[in-house]
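Asker: Data file upload.cif (mmCIF, C-alpha atoms) is appended below.
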```
data_start
#
loop_
_atom_site.label_atom_id
_atom_site.label_comp_id
_atom_site.auth_asym_id
_atom_site.auth_seq_id
_atom_site.Cartn_x
_atom_site.Cartn_y
_atom_site.Cartn_z
CA MET A 12 106.55 120.66 92.13
CA SER A 13 102.99 121.89 91.93
CA THR A 14 100.77 121.15 94.90
CA VAL A 15 97.77 120.68 92.63
CA THR A 16 97.51 117.59 90.48
CA GLU A 17 97.07 118.36 86.79
CA THR A 18 94.81 115.37 86.22
CA VAL A 19 91.71 114.36 88.16
CA LEU A 20 92.59 111.14 89.95
CA GLY A 21 90.37 108.12 89.58
CA THR A 22 89.95 104.71 87.98
CA HIS A 23 86.67 104.43 86.10
CA SER A 24 86.92 101.00 84.48
CA GLU A 25 89.15 97.96 84.11
CA VAL A 26 89.96 98.49 80.43
CA GLY A 27 89.64 102.19 79.56
CA LYS A 28 92.79 104.03 78.48
CA LEU A 29 95.33 103.80 81.31
CA HIS A 30 96.96 107.17 81.89
CA THR A 31 98.78 106.86 85.24
CA VAL A 32 99.87 103.80 87.18
CA MET A 33 102.02 103.15 90.26
CA VAL A 34 104.48 100.25 90.45
CA HIS A 35 107.33 99.16 92.72
CA ARG A 36 110.69 97.90 91.46
CA PRO A 37 112.20 94.84 93.19
CA ASP A 38 114.40 96.18 95.99
CA LEU A 39 116.33 95.37 99.16
CA ALA A 40 113.40 93.34 100.49
CA HIS A 41 113.82 90.84 97.65
CA GLU A 42 117.54 90.56 98.28
CA ARG A 43 116.61 89.45 101.79
CA LEU A 44 114.32 86.62 100.76
CA SER A 45 115.83 83.27 101.74
CA PRO A 46 114.68 79.64 101.80
CA THR A 47 114.17 80.11 105.53
CA ASN A 48 111.91 83.17 105.41
CA CYS A 49 110.34 83.26 101.93
CA HIS A 50 107.19 81.34 102.83
CA GLU A 51 106.60 83.48 105.92
CA LEU A 52 106.89 86.49 103.60
CA LEU A 53 104.38 84.90 101.16
CA PHE A 54 106.82 84.06 98.37
CA ASP A 55 106.91 80.49 97.11
CA ASP A 56 110.64 80.67 96.46
CA VAL A 57 113.62 83.00 96.52
CA ILE A 58 114.10 85.09 93.38
CA TRP A 59 117.06 86.06 91.22
CA VAL A 60 116.81 89.76 91.99
CA ARG A 61 118.96 91.10 89.16
CA ARG A 62 116.87 89.22 86.60
CA ALA A 63 113.65 90.27 88.32
CA ARG A 64 114.71 93.91 87.98
CA GLN A 65 115.45 93.38 84.29
CA GLU A 66 111.99 91.86 83.80
CA PHE A 67 110.40 94.69 85.75
CA ASP A 68 112.25 97.40 83.80
CA ALA A 69 111.08 95.86 80.52
CA PHE A 70 107.52 95.86 81.88
CA VAL A 71 107.77 99.55 82.78
CA ASP A 72 109.36 100.46 79.45
CA LEU A 73 106.55 98.72 77.62
CA MET A 74 103.89 100.71 79.48
CA ARG A 75 105.74 103.98 78.92
CA ASP A 76 106.15 103.20 75.22
CA ARG A 77 102.36 102.91 75.09
CA GLY A 78 101.92 106.35 76.61
CA VAL A 79 101.29 105.39 80.25
CA GLU A 80 102.74 107.60 82.98
CA VAL A 81 104.48 105.19 85.34
CA LEU A 82 105.10 106.34 88.92
CA LEU A 83 107.64 104.42 91.00
CA LEU A 84 106.54 103.84 94.58
CA HIS A 85 110.09 104.18 95.92
CA GLU A 86 110.49 107.61 94.36
CA LEU A 87 107.08 108.76 95.63
CA LEU A 88 107.89 107.52 99.15
CA ALA A 89 111.33 109.16 99.18
CA GLN A 90 109.85 112.46 97.99
CA THR A 91 107.13 112.18 100.64
CA LEU A 92 109.72 111.64 103.37
CA GLU A 93 111.45 114.93 102.52
CA ASP A 94 108.50 116.49 104.36
CA ALA A 95 109.20 116.52 108.12
CA ASP A 96 105.49 116.19 108.96
CA ALA A 97 105.17 113.17 106.67
CA ARG A 98 108.24 111.56 108.21
CA GLU A 99 106.93 112.08 111.74
CA TRP A 100 103.47 110.76 110.77
CA LEU A 101 104.84 107.61 109.21
CA LEU A 102 107.54 106.79 111.78
CA SER A 103 105.18 107.36 114.70
CA ARG A 104 102.95 104.63 113.25
CA ARG A 105 105.65 102.29 111.99
CA VAL A 106 108.15 102.37 114.85
CA THR A 107 105.95 101.69 117.86
CA ASP A 108 106.27 99.93 121.19
CA ALA A 109 104.19 97.06 119.85
CA GLU A 110 106.45 96.64 116.81
CA VAL A 111 109.97 97.11 118.25
CA THR A 112 109.52 96.90 122.07
CA VAL A 113 109.35 99.77 124.54
CA MET A 114 113.10 100.02 125.12
CA PHE A 115 114.01 100.66 121.49
CA THR A 116 111.13 102.76 120.14
CA GLU A 117 112.58 106.19 120.84
CA PRO A 118 116.22 105.57 119.87
CA LEU A 119 115.17 103.81 116.66
CA ARG A 120 112.72 106.54 115.76
CA ALA A 121 115.34 109.22 116.46
CA TRP A 122 117.88 107.41 114.25
CA LEU A 123 115.41 107.02 111.39
CA THR A 124 114.28 110.64 111.70
CA GLU A 125 117.81 111.78 110.83
CA MET A 126 118.22 109.37 107.92
CA ALA A 127 118.29 110.69 104.34
CA ALA A 128 114.90 110.39 102.65
CA ASP A 129 115.97 107.99 99.91
CA GLU A 130 117.71 105.68 102.38
CA LEU A 131 114.73 105.81 104.73
CA ALA A 132 112.38 104.85 101.90
CA THR A 133 114.66 101.91 101.12
CA ARG A 134 114.64 100.77 104.76
CA LEU A 135 110.88 101.10 105.16
CA THR A 136 110.34 98.58 102.37
CA GLY A 137 113.60 96.63 102.64
CA GLY A 138 113.67 96.19 106.40
CA ILE A 139 116.34 96.73 109.07
CA THR A 140 118.39 94.01 110.78
CA VAL A 141 119.92 94.06 114.24
CA GLN A 142 123.42 94.56 112.83
CA GLU A 143 122.27 97.72 111.03
CA VAL A 144 120.85 99.63 114.01
CA PRO A 145 122.80 102.12 116.15
CA GLU A 146 125.28 100.68 118.65
CA GLU A 147 123.23 101.80 121.67
CA VAL A 148 120.31 99.66 120.50
CA ARG A 149 122.48 96.79 119.28
CA SER A 150 124.35 96.53 122.57
CA ALA A 151 121.11 96.60 124.54
CA ILE A 152 119.75 93.71 122.49
CA GLY A 153 122.92 91.71 123.18
CA ARG A 154 122.54 88.03 122.41
CA ALA A 155 118.74 88.01 122.55
CA LEU A 156 118.58 88.29 118.76
CA ARG A 157 120.89 87.24 115.97
CA PRO A 158 122.64 89.98 113.95
CA THR A 159 120.51 89.14 110.90
CA ASP A 160 117.18 89.13 112.72
CA PHE A 161 114.83 91.89 111.59
CA VAL A 162 114.02 94.87 113.78
CA LEU A 163 111.76 96.18 111.02
CA PRO A 164 110.58 93.44 108.65
CA PRO A 165 111.08 93.64 104.88
CA LEU A 166 108.05 94.09 102.64
CA PRO A 167 108.75 92.12 99.45
CA ASN A 168 105.07 92.06 98.53
CA GLN A 169 105.12 95.83 98.10
CA LEU A 170 105.96 94.73 94.53
CA PHE A 171 102.25 93.98 94.12
CA THR A 172 100.99 97.55 94.31
CA ARG A 173 97.45 96.52 93.36
CA ASP A 174 96.72 95.31 96.89
CA PRO A 175 97.49 97.91 99.61
CA SER A 176 95.28 100.56 98.00
CA ALA A 177 92.72 100.57 95.21
CA TRP A 178 91.31 103.50 93.24
CA ILE A 179 87.56 103.16 92.71
CA TYR A 180 86.05 105.84 90.52
CA GLY A 181 86.93 109.15 92.23
CA GLY A 182 88.41 107.81 95.45
CA VAL A 183 90.71 105.25 97.01
CA THR A 184 90.73 102.52 99.65
CA LEU A 185 93.55 102.04 102.17
CA ASN A 186 93.33 98.35 102.71
CA PRO A 187 93.73 96.46 105.99
CA MET A 188 95.17 93.32 104.44
CA PHE A 189 94.75 89.71 105.50
CA TRP A 190 98.30 88.58 106.27
CA GLN A 191 100.39 90.30 108.91
CA ALA A 192 103.37 90.20 106.50
CA ARG A 193 101.57 92.68 104.24
CA ARG A 194 99.76 95.13 106.52
CA LEU A 195 102.60 97.65 106.80
CA GLU A 196 102.57 98.16 103.02
CA THR A 197 99.36 100.16 103.33
CA LEU A 198 101.00 102.58 105.75
CA ASN A 199 103.54 103.58 103.09
CA LEU A 200 100.75 104.24 100.60
CA GLU A 201 98.73 106.26 103.09
CA ALA A 202 101.75 108.49 103.78
CA ILE A 203 102.15 109.10 100.04
CA TYR A 204 98.47 109.94 99.55
CA ARG A 205 98.39 112.22 102.60
CA PHE A 206 101.61 114.17 102.07
CA HIS A 207 103.06 113.85 98.58
CA PRO A 208 102.47 117.02 96.51
CA ARG A 209 101.00 114.91 93.71
CA PHE A 210 98.18 113.71 95.96
CA ARG A 211 97.73 115.81 99.11
CA ASP A 212 95.60 118.56 97.51
CA ALA A 213 93.93 116.43 94.85
CA GLY A 214 90.58 116.33 96.65
CA PHE A 215 89.83 112.61 96.37
CA GLN A 216 87.70 110.54 98.73
CA ILE A 217 89.00 107.79 101.00
CA TRP A 218 86.29 105.17 100.69
CA PHE A 219 87.59 102.77 103.31
CA GLY A 220 90.56 102.14 105.58
CA GLY A 221 93.27 104.16 107.24
CA ALA A 222 95.87 103.65 109.93
CA ASP A 223 94.14 105.67 112.63
CA GLU A 224 91.02 103.53 112.89
CA ASP A 225 90.66 99.99 114.19
CA TRP A 226 89.11 97.94 111.38
CA GLY A 227 88.69 94.87 113.56
CA SER A 228 88.46 91.71 111.49
CA ALA A 229 87.45 93.54 108.28
CA ARG A 230 89.96 92.62 105.56
CA LEU A 231 90.27 93.98 102.03
CA GLU A 232 92.87 93.74 99.25
CA GLY A 233 93.03 95.51 95.91
CA GLY A 234 93.44 92.34 93.86
CA ASP A 235 89.81 91.63 94.71
CA ILE A 236 88.55 95.07 93.66
CA MET A 237 87.44 95.89 90.10
CA PRO A 238 85.55 99.09 89.20
CA ILE A 239 84.13 97.88 85.88
CA GLY A 240 82.24 101.03 84.91
CA ASP A 241 78.64 102.30 84.95
CA GLY A 242 78.70 102.52 88.74
CA VAL A 243 79.42 98.81 89.20
CA VAL A 244 82.22 97.34 91.35
CA LEU A 245 83.23 93.69 91.56
CA ILE A 246 84.87 92.57 94.81
CA GLY A 247 86.21 89.10 95.45
CA MET A 248 85.59 87.53 98.84
CA GLY A 249 87.93 84.59 99.21
CA GLU A 250 91.23 84.06 100.97
CA ARG A 251 92.07 87.75 101.44
CA SER A 252 88.92 89.98 101.49
CA ASN A 253 85.75 89.47 103.51
CA ALA A 254 82.12 90.55 103.64
CA ARG A 255 82.70 92.80 106.67
CA ALA A 256 84.97 95.07 104.66
CA VAL A 257 82.89 94.84 101.50
CA SER A 258 79.72 95.91 103.31
CA ILE A 259 81.42 99.00 104.77
CA LEU A 260 82.98 99.94 101.44
CA ALA A 261 79.67 99.45 99.61
CA ARG A 262 77.83 101.62 102.13
CA ASN A 263 80.37 104.42 101.72
CA LEU A 264 80.28 104.24 97.92
CA PHE A 265 76.49 104.33 97.90
CA ALA A 266 76.35 107.25 100.36
CA ALA A 267 78.49 109.32 97.98
CA ASP A 268 76.57 108.16 94.87
CA ALA A 269 79.87 106.80 93.58
CA ALA A 270 78.44 103.37 92.79
CA ARG A 271 75.03 101.79 92.26
CA LEU A 272 75.92 98.11 92.61
CA VAL A 273 78.66 96.08 94.28
CA ILE A 274 78.82 92.45 93.22
CA GLY A 275 80.54 90.41 95.90
CA ALA A 276 82.20 87.30 94.49
CA GLN A 277 82.41 84.65 97.22
CA MET A 278 85.21 82.31 96.14
CA PRO A 279 86.90 79.16 97.44
CA ARG A 280 89.56 80.03 100.00
CA GLU A 281 92.60 78.73 98.15
CA ARG A 282 96.05 80.22 97.56
CA ALA A 283 95.76 79.59 93.82
CA ALA A 284 92.67 81.84 93.90
CA MET A 285 93.83 84.31 96.53
CA HIS A 286 92.23 87.26 94.70
CA LEU A 287 89.50 87.67 92.11
CA ASP A 288 92.10 88.93 89.63
CA THR A 289 93.96 85.62 89.76
CA VAL A 290 90.99 83.88 88.09
CA PHE A 291 89.13 86.67 86.24
CA THR A 292 90.23 89.90 84.51
CA PHE A 293 88.88 92.07 81.71
CA CYS A 294 90.72 92.39 78.39
CA ASP A 295 88.22 94.57 76.50
CA ARG A 296 84.86 96.10 77.23
CA ASN A 297 83.15 92.84 76.34
CA VAL A 298 86.01 90.34 76.70
CA ALA A 299 87.28 88.71 79.90
CA THR A 300 89.68 85.88 80.62
CA LEU A 301 88.86 83.40 83.35
CA TYR A 302 89.86 80.18 85.05
CA GLU A 303 86.57 78.33 84.78
CA PRO A 304 87.06 75.72 87.55
CA VAL A 305 87.12 78.49 90.15
CA VAL A 306 84.84 81.08 88.53
CA SER A 307 82.09 78.46 88.18
CA GLN A 308 82.11 78.12 91.98
CA ILE A 309 81.73 81.84 92.70
CA LEU A 310 78.60 82.71 94.67
CA PRO A 311 77.48 86.26 93.76
CA ILE A 312 76.23 88.50 96.56
CA LEU A 313 74.55 91.72 95.42
CA PHE A 314 75.12 94.80 97.59
CA THR A 315 72.69 97.62 96.77
CA PRO A 316 71.70 100.93 98.39
CA GLY A 317 68.84 100.78 100.86
CA GLY A 318 67.71 99.75 104.30
CA PRO A 319 68.42 101.43 107.63
CA ALA A 320 72.18 100.80 107.31
CA GLY A 321 72.39 102.29 103.82
CA VAL A 322 73.29 98.96 102.22
CA GLU A 323 71.44 95.73 101.61
CA ALA A 324 72.81 92.35 100.52
CA GLN A 325 71.15 89.52 98.67
CA ILE A 326 72.55 86.20 97.51
CA SER A 327 71.87 85.83 93.81
CA GLU A 328 70.25 82.74 92.33
CA ARG A 329 72.17 83.35 89.10
CA SER A 330 75.79 82.78 88.21
CA PHE A 331 78.52 85.36 88.79
CA LEU A 332 79.03 85.73 85.04
CA ASP A 333 75.31 86.30 84.43
CA GLU A 334 75.30 89.03 87.06
CA VAL A 335 78.32 90.72 85.46
CA ARG A 336 76.74 90.55 82.00
CA ASP A 337 73.49 92.02 83.28
CA ALA A 338 75.21 94.78 85.26
CA LEU A 339 77.18 95.94 82.23
CA GLY A 340 74.49 95.25 79.67
CA VAL A 341 76.94 93.45 77.35
CA ASP A 342 77.26 90.00 75.84
CA LEU A 343 80.51 89.03 77.52
CA ASP A 344 82.97 87.04 75.41
CA LEU A 345 84.87 84.69 77.72
CA VAL A 346 88.38 83.39 77.05
CA ALA A 347 89.14 80.44 79.32
CA THR A 348 92.64 79.53 80.44
CA GLY A 349 94.33 77.69 77.57
CA GLY A 350 95.47 74.09 77.21
CA ASP A 351 94.21 70.78 78.58
CA GLU A 352 93.28 70.40 82.23
CA PHE A 353 96.92 70.17 83.32
CA GLU A 354 98.23 73.05 81.20
CA ALA A 355 95.28 75.24 82.16
CA GLU A 356 96.01 74.70 85.84
CA ARG A 357 99.68 75.58 85.25
CA ASN A 358 98.74 78.69 83.25
CA GLN A 359 96.43 79.89 86.02
CA TRP A 360 99.08 79.23 88.67
CA ASP A 361 101.53 81.24 86.53
CA ASP A 362 99.11 84.20 86.35
CA GLY A 363 97.73 83.46 82.90
CA ASN A 364 94.45 85.16 83.80
CA ASN A 365 96.12 88.03 85.66
CA VAL A 366 96.44 90.41 82.72
CA VAL A 367 96.37 94.21 82.86
CA ALA A 368 94.72 96.25 80.12
CA LEU A 369 96.47 99.37 78.81
CA GLU A 370 93.44 100.28 76.69
CA PRO A 371 90.46 98.36 75.32
CA GLY A 372 91.72 95.20 73.65
CA VAL A 373 95.40 95.59 74.62
CA VAL A 374 96.79 93.64 77.59
CA ILE A 375 100.15 92.75 79.13
CA ALA A 376 100.66 89.08 80.00
CA TYR A 377 103.51 86.79 80.97
CA GLU A 378 105.03 85.17 77.88
CA ARG A 379 105.19 81.69 79.43
CA ASN A 380 101.39 81.32 79.36
CA GLU A 381 101.46 80.53 75.66
CA ALA A 382 98.21 78.58 75.46
CA THR A 383 96.15 81.31 77.13
CA ASN A 384 97.90 84.10 75.19
CA THR A 385 97.15 82.31 71.91
CA LYS A 386 93.46 82.06 72.79
CA LEU A 387 93.36 85.76 73.70
CA ALA A 388 94.97 86.68 70.37
CA LYS A 389 92.39 84.57 68.50
CA ALA A 390 89.68 86.49 70.36
CA GLY A 391 91.06 89.74 68.93
CA ILE A 392 93.10 90.84 71.94
CA GLU A 393 96.54 92.36 71.39
CA VAL A 394 98.77 90.55 73.86
CA LEU A 395 102.00 92.30 74.84
CA ALA A 396 104.07 89.47 76.30
CA ILE A 397 106.74 90.04 78.95
CA ALA A 398 109.16 87.75 80.76
CA GLY A 399 108.14 86.85 84.30
CA GLN A 400 110.14 83.86 85.39
CA GLU A 401 111.39 85.74 88.46
CA LEU A 402 108.68 88.37 88.96
CA GLY A 403 106.02 85.68 89.13
CA ARG A 404 107.53 83.81 92.07
CA GLY A 405 105.42 85.87 94.46
CA ARG A 406 102.28 84.72 92.59
CA GLY A 407 101.34 87.89 90.72
CA GLY A 408 101.18 89.08 87.12
CA GLY A 409 100.71 92.44 85.43
CA HIS A 410 97.38 93.11 87.11
CA CYS A 411 98.85 92.45 90.57
CA MET A 412 101.93 94.61 89.93
CA THR A 413 99.99 97.74 88.91
CA CYS A 414 97.96 100.25 90.88
CA PRO A 415 95.99 102.26 88.28
CA ILE A 416 95.55 105.84 89.47
CA VAL A 417 94.07 107.49 86.39
CA ARG A 418 92.05 105.37 83.96
CA GLU A 419 89.29 106.40 81.57
CA PRO A 420 85.79 104.84 81.61
#
```
What does this structure look like when you write it as structure tokens?
Answerer:
Amino acid sequence: MSTVTETVLGTHSEVGKLHTVMVHRPDLAHERLSPTNCHELLFDDVIWVRRARQEFDAFVDLMRDRGVEVLLLHELLAQTLEDADAREWLLSRRVTDAEVTVMFTEPLRAWLTEMAADELATRLTGGITVQEVPEEVRSAIGRALRPTDFVLPPLPNQLFTRDPSAWIYGGVTLNPMFWQARRLETLNLEAIYRFHPRFRDAGFQIWFGGADEDWGSARLEGGDIMPIGDGVVLIGMGERSNARAVSILARNLFAADAARLVIGAQMPRERAAMHLDTVFTFCDRNVATLYEPVVSQILPILFTPGGPAGVEAQISERSFLDEVRDALGVDLDLVATGGDEFEAERNQWDDGNNVVALEPGVVIAYERNEATNTKLAKAGIEVLAIAGQELGRGRGGGHCMTCPIVREP
């Protein structure tokens, strides 16, 4: 495999032609969801994994049929772990005294170092239980833990590849996420970007984040991040991302002349509106879908270059939508969640506004959100409907399940 990427990496809009995207197929982690642990792992329910894989495969096939290059995270991680330096880098940060206790760090790390790359990739997302570790570790644990307790936790939310990293114009963020159950996902992505031949020599910027720096209480997730073109970035600030992270990211973007305006969207801190993309996404250059009851409450905060710190912030007196219209210089056509008040709330909960654009005017949406999909079609949007009865149980649609890596303006 070439060590130089053939395409310049970067995401330059929300709706331009999507060339390359990264996704993650439901895996061992989802087989380990149970009624006892699913809420701790941020799923509302257990899922029928075989059906979820069928739904996911149909989703991937649809994107590929439309000319999108789809990269599977598991394959990228397994290929990355063929590199001894990559394996050492990742295991030294994943299998630590603080994560597995002092007594077991070295034997566990030694065992994982000898594991085949594909199996190791499976374990790093699917988790490892007490009964699966070497006998010397298992016997030392004794009765302190049950055989099915996790030594390394599973990462079922790795399915939502939008969140651990986000490509913004010519660079990427490595996001310190809000919930402890998700933070290790970013480590897998950082290993891929650092060591995989597709990425390691591609010459992109890291705008924010990384495992080797303490980010304190700064929190950022990709579902809140939208590079909408013309040097403008929207970033939600609600349940998952905060102003501390946004201010640092904005400063770094401005310093590199990669952006001219960051519009912070301060939202209610509710699970139903965990990210900006759960209530607002673009469908075309001048068309967006939104859940009005939440979007109407957004307080826009304008981050611009300037001041001694390199970034200034001002609370806008105008609405979020007015600021977006003005930043893009377009008359934005808004398609609200469909149905009456009850159906609209159900559609939003079922990711009716969480659509992903493959090109201007063409989006993928869950088929069950019929009222919203019908309104989008009437607005001239081509809606490619997919099943999501199982995939959606983690509260994420097509936008959440995709990490665009190459997208045109």
Asker: Set the distance at 10 Å and use all atoms listed in the file: which residues neighbour Thr172 (chain A) once local chain neighbours fewer than 2 positions away are removed? I'd like the list as JSON, numbers by chain.
Answerer: {"A": [32, 33, 34, 35, 84, 168, 169, 170, 174, 175, 176, 177, 196, 197, 200, 233, 234, 410, 411, 412, 413, 414, 415]}
Asker: In Å, how far is it from CA of Val244 (chain A) to CA of Phe171 (chain A)?
Answerer: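 One can read the CA of Val244 (chain A) to CA of Phe171 (chain A) distance as 20.5 Å.
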Asker: Using the chain letters and residue numbers of this document, give as a list in words the residues selected by the PyMOL selection byres ((chain A and resi 57) around 12).
Answerer: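 Selected by the PyMOL selection byres ((chain A and resi 57) around 12) in this file: Ala40, His41, Glu42, Arg43, Leu44, Ser45, Pro46, Thr47, Asn48, Cys49, His50, Glu51, Leu52, Leu53, Phe54, Asp55, Asp56, Ile58, Trp59, Val60, Ala63, Pro167, Gln400, Glu401, Leu402, Gly403, Arg404 and Gly405 of chain A.
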Asker: For a test of reading the model, state the distance in Å between CA of Ala128 (chain A) and CA of Ile217 (chain A), rounded to one decimal.
Answerer: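 Separating CA of Ala128 (chain A) from CA of Ile217 (chain A) is a distance of 26.1 Å.
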Asker: Counting all atoms listed in the file, what is within 8 Å of region 299-316 of chain A, bar same-chain residues fewer than 6 positions away, as an MDAnalysis selection string?
Answerer: chainID A and resid 258 261:262 265 271:279 284 290:293 322:327 329:331 334 343:348 355 359 364 387
Asker: For the contact check between region 236-336 of chain A and region 224-230 of chain A, emit one row per residue of region 236-336 of chain A within 12 Å, containing the shortest atom pair and the distance in Å rounded to one decimal, counting only C-alpha atoms, chain then rising number order, as a Markdown table.
Answerer:
```
| residue | atom | partner | partner_atom | distance |
| --- | --- | --- | --- | --- |
| A:Ile246 | CA | A:Arg230 | CA | 11.9 |
| A:Gly247 | CA | A:Arg230 | CA | 11.3 |
| A:Met248 | CA | A:Arg230 | CA | 9.5 |
| A:Gly249 | CA | A:Arg230 | CA | 10.4 |
| A:Glu250 | CA | A:Arg230 | CA | 9.8 |
| A:Arg251 | CA | A:Arg230 | CA | 6.7 |
| A:Ser252 | CA | A:Arg230 | CA | 5.0 |
| A:Asn253 | CA | A:Arg230 | CA | 5.6 |
| A:Ala254 | CA | A:Ala229 | CA | 7.7 |
| A:Arg255 | CA | A:Ala229 | CA | 5.1 |
| A:Ala256 | CA | A:Ala229 | CA | 4.6 |
| A:Val257 | CA | A:Ala229 | CA | 8.3 |
| A:Ser258 | CA | A:Ala229 | CA | 9.5 |
| A:Ile259 | CA | A:Ala229 | CA | 8.9 |
| A:Leu260 | CA | A:Ala229 | CA | 10.4 |
```
Asker: Kindly indicate which residue among A:Leu369, A:Tyr204, A:Phe353, A:Arg336 lies nearest to Leu245 (chain A), using all atoms listed in the file for the distances.
Answerer: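 Ranking A:Leu369, A:Tyr204, A:Phe353, A:Arg336 by distance to Leu245 (chain A), first place goes to A:Arg336.
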Asker: Residues within 9 Å of region 143-145 of chain A, please, as a ChimeraX atom specification. Count all atoms listed in the file; anything in the same chain fewer than 6 positions from it doesn't count.
Answerer: /A:118-119,122,158-159,162
Asker: For region 87-99 of chain A, take all atoms listed in the file, fit an axis-aligned box around them, add 3 Å to each of the six sides, then output centre and edge lengths in Å rounded to one decimal, as JSON.
Answerer:
```
{"center_x": 108.3, "center_y": 112.0, "center_z": 103.7, "size_x": 12.3, "size_y": 15.0, "size_z": 22.1}
```
Asker: When you draw a straight line from CA of Leu339 (chain A) to CA of Leu231 (chain A), how long is it in Å?
Answerer: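 About the pair CA of Leu339 (chain A) and CA of Leu231 (chain A): they are 23.8 Å apart.
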Asker: With only C-alpha atoms as the counted atoms, please give the residues lying no more than 12 Å from region 206-210 of chain A, apart from itself and same-chain residues fewer than 6 positions off, as a PyMOL selection string.
Answerer: chain A and resi 12-21+31+82+84+86-101+182-183+199-200+216+416
Asker: Mind telling me what the PyMOL selection byres ((chain A and resi 239) around 10) catches here, as a PyMOL selection string?
Answerer: chain A and resi 22-27+179-180+236-238+240-245+293+296+335+338-339+420
Asker: Which residues, named as in the file, does the PyMOL selection byres ((chain A and resi 220) around 8) pick out? Answer as an NGL selection string.
Answerer: :A and (184-187 or 217-219 or 221-222 or 224 or 226)
Asker: Please provide as a ChimeraX atom specification all residues within 7 Å of Leu29 (chain A), with the sequence filter that same-chain residues fewer than 6 positions apart are discarded (counting all atoms listed in the file).
Answerer: /A:79,369-370,417-419
